[in-house]
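Peer 1: The following block contains the structure, expressed as structure tokens.
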Amino acid sequence: MTINLISDTVTLPTKEMLSAMMQAEAGDDVFGADPTVNKLQEKIAGMFGMEAALFFPSGTMANQTAIMLHTKPGDEIICDKWAHVYNYESGGPAANSGVACNLIDGNRGMFTADQVRAHIKNKEHIYEAFTSLVTVENTTNKGGGACWDIEELKKIRAVCSTNDLAYHLDGARLFNALVAKNQLPKHYGELFDTISVCLSKGLGCPIGSLLLGSKAYIKEAVRIRKRLGGGMRQVGYIAAAGIYALEHHISRLTEDHKKAKAIAEVLQSLPYIKKVEPVETNILIFNVQDAIDEQEFVKKLKDRGILIVGMGQGKLRIVTHLDFTDHMLEKLITELKTIY
Ligand SMILES: *Cc1c(COP(=O)(O)O)cnc(C)c1O
């Protein structure tokens with residue numbers, strides 16, 4: 001038995017999800033003729049109270065499409081220094097949109113409306129880059145699954161509206177935040193111009209993300225997705241997994257959060273652990289004591305059939321998910337208690 005905690009993307013479809021996929025009706029989605037894709041897009045747009053949605057192969061392509069929608073070359077986007085769009089999308093903002101990232105030095109991947117205001121360039125100054133977009137991430141990935149205070153997100157909305165900036169949410173793990181904070185998708189749908197969500201993280205699908213927005217934005221997004229090579233054919237088989245996940249895999253995210261908190265509690269009590277960051281959802285970031293080599297610790301766990309990743313600077317990460325069972329949690333805790 002391998003216990004794989006490197007990410008929540010490692011899950012395999014459940015039997016029930018696979019069965020939903022096998023029974024899907026499909027068609028050529030490039031012609032808009034896949035009924036299951038259309039159903040998924042309408043379903044999620046309805047959940048968020050937004051006009052339309054578009055199915056993507058990845059969250060990266062959905063985010064990059066959003067940036068392309070909201071900017072032109074030479075512009076600048078405001079995001080956190082830890083943002084996925086800046087750190088983990090292969091330089092996409094520069095390569096795809098020709099924009100620079102104006103980084104905010106935030107807290108666990110989050111920042112304030114005042115910080116946004118301070119980062120907006122003067123649009124009358126022709127020698128400065130034109131600020132056109134603010135992107136936020138909820139939950140934050142590099143920030144350890146932290147959830148934003150929705151009141152701050154509303155304040156940033158007001159700053160965006162006043163300064164004519166678009167407002168994008170990278171919601172790869174938004175459903176984790178919704179469950180943790182007891183919020184509804186509509187609370188977010190009314191705040192943002194565009195939202196990306198991933199089906200392939202906590203929701204347990206093999207692939208798939210969506211971009212949500214107005215009809216006009218999504219119409220343009222279809223062209224951009226095609227240009228990026230993301231036009232897909234009979235993807236109803238995959239969209240069916242998404243529909244299944246939206247119906248069955250959201251509320252169970254509390255299980256993943258409980259397990260992450262249980263692991264954090266154990267780690268806190270162990271002498272070889274230096275620091276455990278607060279756990280709000282399914283991501284747990286911690287440091288081992290300086291005397292212990294981080295990679296050696298990863299290797300020791302690997303020898304015991306447990307996979308986790310180092311994030312550099314002595315930081316280690318555990319991500320809980322659908323395929324991480326109660327039995328695996330017990331084994332993990334036993335190993336952690338006896339490894340040193
Ligand atoms: C995973 C992730 C994405 C998208 O990743 P893909 O692997 O391209 O689907 C985007 N933003 C955040 C915060 C993520 O964690």
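Every chain in the structure tokens takes a letter, A first, then B, and so on in the order presented; its residues are numbered from 1, and the ligands are numbered from 1 following the presented order.
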So that I can check the secondary structure, give me every residue of segment 115-196 of chain A assigned strand (DSSP E or B) by backbone DSSP, as a compact mmCIF listing (two decimals) with C-alpha atoms, in the first residue's frame.

Peer 2:
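Writing the result to out_6.txt gives the following:
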# COMPACT_ATOMS: atom_id res chain seq x y z
CA PHE A 130 -1.08 49.92 -17.55
CA THR A 131 -2.62 48.00 -14.63
CA SER A 132 -5.57 46.02 -15.93
CA LEU A 133 -6.25 42.99 -13.71
CA VAL A 134 -6.17 41.77 -10.12
CA THR A 135 -6.03 38.02 -9.56
CA VAL A 136 -6.51 36.28 -6.23
CA GLU A 137 -6.27 32.62 -5.29
CA ALA A 166 -10.83 43.24 -14.05
CA TYR A 167 -11.02 40.82 -11.11
CA HIS A 168 -10.16 37.12 -11.56
CA LEU A 169 -10.31 34.33 -8.99
CA ASP A 170 -8.03 31.32 -9.36
CA GLY A 171 -10.34 28.93 -7.56
CA THR A 194 -14.06 35.44 -14.08
CA ILE A 195 -13.47 32.40 -11.87
CA SER A 196 -11.48 29.25 -12.64

Peer 1: I want to know what sits within 12 Å of Tyr88 of chain A, based on only C-alpha atoms, with residues of the same chain fewer than 4 positions away left out; could you give that as a PyMOL selection string?

Peer 2: chain A and resi 59-61+63-64+81-84+92-93+141-142

Peer 1: Restricting the output to N, CA and C atoms, write the selected residues as a compact mmCIF listing (two decimals), in the first residue's frame.

Peer 2:
# COMPACT_ATOMS: atom_id res chain seq x y z
N GLY A 59 -6.41 23.74 -15.19
CA GLY A 59 -6.59 25.02 -14.51
C GLY A 59 -5.64 26.07 -15.06
N THR A 60 -4.46 25.63 -15.44
CA THR A 60 -3.48 26.56 -16.01
C THR A 60 -4.05 27.20 -17.28
N MET A 61 -4.64 26.38 -18.16
CA MET A 61 -5.19 26.95 -19.40
C MET A 61 -6.36 27.88 -19.11
N ASN A 63 -6.78 29.71 -16.31
CA ASN A 63 -6.22 30.96 -15.78
C ASN A 63 -5.57 31.79 -16.87
N GLN A 64 -4.79 31.13 -17.73
CA GLN A 64 -4.10 31.86 -18.79
C GLN A 64 -5.10 32.50 -19.76
N LYS A 81 2.90 37.39 -4.48
CA LYS A 81 4.21 36.84 -4.87
C LYS A 81 4.18 35.31 -4.88
N TRP A 82 3.23 34.71 -4.18
CA TRP A 82 3.11 33.26 -4.15
C TRP A 82 2.08 32.72 -5.15
N ALA A 83 1.50 33.58 -5.97
CA ALA A 83 0.40 33.17 -6.84
C ALA A 83 0.80 32.05 -7.81
N HIS A 84 -0.12 31.13 -8.00
CA HIS A 84 0.08 30.04 -8.96
C HIS A 84 0.32 30.61 -10.36
N GLY A 92 3.55 31.82 -18.12
CA GLY A 92 2.40 32.07 -19.00
C GLY A 92 1.98 33.52 -19.15
N PRO A 93 1.88 34.30 -18.07
CA PRO A 93 1.44 35.69 -18.25
C PRO A 93 2.32 36.44 -19.24
N ASN A 141 -2.47 27.98 -2.68
CA ASN A 141 -1.73 26.72 -2.80
C ASN A 141 -0.43 26.80 -1.98
N LYS A 142 0.47 27.71 -2.40
CA LYS A 142 1.75 27.88 -1.71
C LYS A 142 1.53 28.40 -0.28

Peer 1: Could you name the residues that touch Val116 of chain A at 12 Å or less, counting only C-alpha atoms, but leaving out those on the same chain fewer than 2 positions away, as a PyMOL selection string?

Peer 2: chain A and resi 77-80+102-106+110-114+118-121+131-136+152-153+155-160+162-163+165+167

Peer 1: I need the residues from that last selection saved to file as a PDB file, in the first residue's frame (with C-alpha atoms), if you can.

Peer 2:
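Below is the file that was written, selection_32.pdb:
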ATOM      1  CA  ILE A  77      -1.491  42.325 -13.485  1.00  0.00           C
ATOM      2  CA  ILE A  78      -1.548  42.494  -9.699  1.00  0.00           C
ATOM      3  CA  CYS A  79      -1.154  39.205  -7.825  1.00  0.00           C
ATOM      4  CA  ASP A  80       0.518  37.781  -4.739  1.00  0.00           C
ATOM      5  CA  ASN A 102       3.178  43.329 -10.186  1.00  0.00           C
ATOM      6  CA  LEU A 103       3.670  41.226  -7.066  1.00  0.00           C
ATOM      7  CA  ILE A 104       2.209  41.937  -3.654  1.00  0.00           C
ATOM      8  CA  ASP A 105       4.181  40.818  -0.603  1.00  0.00           C
ATOM      9  CA  GLY A 106       1.179  39.180   1.038  1.00  0.00           C
ATOM     10  CA  MET A 110      -3.350  36.695   0.545  1.00  0.00           C
ATOM     11  CA  PHE A 111      -3.304  40.499   0.628  1.00  0.00           C
ATOM     12  CA  THR A 112      -5.466  43.504   1.459  1.00  0.00           C
ATOM     13  CA  ALA A 113      -7.475  46.017  -0.557  1.00  0.00           C
ATOM     14  CA  ASP A 114      -5.054  48.735   0.645  1.00  0.00           C
ATOM     15  CA  ALA A 118      -0.914  50.906  -3.498  1.00  0.00           C
ATOM     16  CA  HIS A 119       0.101  48.696  -6.457  1.00  0.00           C
ATOM     17  CA  ILE A 120      -2.087  50.325  -9.111  1.00  0.00           C
ATOM     18  CA  LYS A 121       0.019  52.417 -11.467  1.00  0.00           C
ATOM     19  CA  THR A 131      -2.615  48.004 -14.633  1.00  0.00           C
ATOM     20  CA  SER A 132      -5.574  46.019 -15.931  1.00  0.00           C
ATOM     21  CA  LEU A 133      -6.247  42.993 -13.713  1.00  0.00           C
ATOM     22  CA  VAL A 134      -6.170  41.768 -10.122  1.00  0.00           C
ATOM     23  CA  THR A 135      -6.027  38.020  -9.564  1.00  0.00           C
ATOM     24  CA  VAL A 136      -6.509  36.283  -6.227  1.00  0.00           C
ATOM     25  CA  GLU A 152     -11.498  41.582   2.130  1.00  0.00           C
ATOM     26  CA  LEU A 153     -12.402  40.122  -1.273  1.00  0.00           C
ATOM     27  CA  LYS A 155     -13.173  45.444  -0.527  1.00  0.00           C
ATOM     28  CA  ILE A 156     -10.845  44.452  -3.387  1.00  0.00           C
ATOM     29  CA  ARG A 157     -13.902  44.224  -5.668  1.00  0.00           C
ATOM     30  CA  ALA A 158     -14.666  47.848  -4.805  1.00  0.00           C
ATOM     31  CA  VAL A 159     -11.070  48.898  -5.566  1.00  0.00           C
ATOM     32  CA  CYS A 160     -11.270  47.081  -8.924  1.00  0.00           C
ATOM     33  CA  THR A 162     -13.321  52.217  -8.892  1.00  0.00           C
ATOM     34  CA  ASN A 163     -10.103  51.781 -10.883  1.00  0.00           C
ATOM     35  CA  LEU A 165      -9.619  46.742 -13.209  1.00  0.00           C
ATOM     36  CA  TYR A 167     -11.020  40.816 -11.110  1.00  0.00           C
TER      37      TYR A 167
END

Peer 1: Would you kindly return, as a list in words, each protein, DNA or RNA residue with an atom no farther than 12 Å from any atom of Arg304 of chain A, considering only C-alpha atoms and excluding same-chain residues fewer than 2 positions away?

Peer 2: Met1, Thr2, Ile3, Asn4, Phe297, Val298, Lys299, Lys300, Leu301, Lys302, Ile306, Leu307, Ile308, Met328, Lys331, Leu332, Ile333, Thr334, Glu335, Leu336, Thr338 and Ile339 of chain A

Peer 1: Show me, as a PyMOL selection string, the residues that have an atom within 12 Å of Glu255 of chain A when counting only C-alpha atoms, minus same-chain residues fewer than 4 positions from it.

Peer 2: chain A and resi 176+179-180+202+249-251+259-262+281-282+320-326+329

Peer 1: Just want the 12 Å neighbourhood of Glu16 of chain A, counted on only C-alpha atoms, with same-chain residues fewer than 3 positions away dropped. Output as a ChimeraX atom specification.

Peer 2: /A:12-13,19-23,204-205,240-241,243-245,247-249

Peer 1: By how many Å are atom 9 (O, counted along the ligand's line) of ligand 1 and atom CA of Asn107 of chain A apart?

Peer 2: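 Between these atoms lies a distance of 23.6 Å.
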
Peer 1: Check the smallest atom-to-atom distance from each of A:Val10, A:Ile263, A:Ala100, A:Met232 to ligand 1 using only C-alpha atoms and all ligand atoms, then report the winner.

Peer 2: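 For ligand 1, the nearest of the given residues is A:Val10.
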
Peer 1: Could you work out how far atom CA of Arg108 of chain A lies from atom CA of Gly208 of chain A, giving the answer in Å with one decimal?

Peer 2: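 Separation between atom CA of Gly208 of chain A and atom CA of Arg108 of chain A: 26.2 Å.
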
Peer 1: Name the residues in contact with Arg233 of chain A at a cut-off of 9 Å, using only C-alpha atoms, excluding same-chain residues fewer than 3 positions from it; report them as a list in words.

Peer 2: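 These residues fall inside the cut-off: Ala26, Gly27, Asp28, Asp29, Val30, Phe31, Ala33, Asp34 and Gly236 of chain A.
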
Peer 1: Which is closer to ligand 1 than all the others in A:Leu184, A:Met47, A:Val319, A:Ile224, using only C-alpha atoms and all ligand atoms?

Peer 2: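 For ligand 1, the nearest of the given residues is A:Val319.
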
Peer 1: To one decimal in Å, tell me the separation between atom CA of Ile238 of chain A and atom CA of Phe192 of chain A.

Peer 2: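 Atom-to-atom, atom CA of Ile238 of chain A to atom CA of Phe192 of chain A, that is 26.5 Å.
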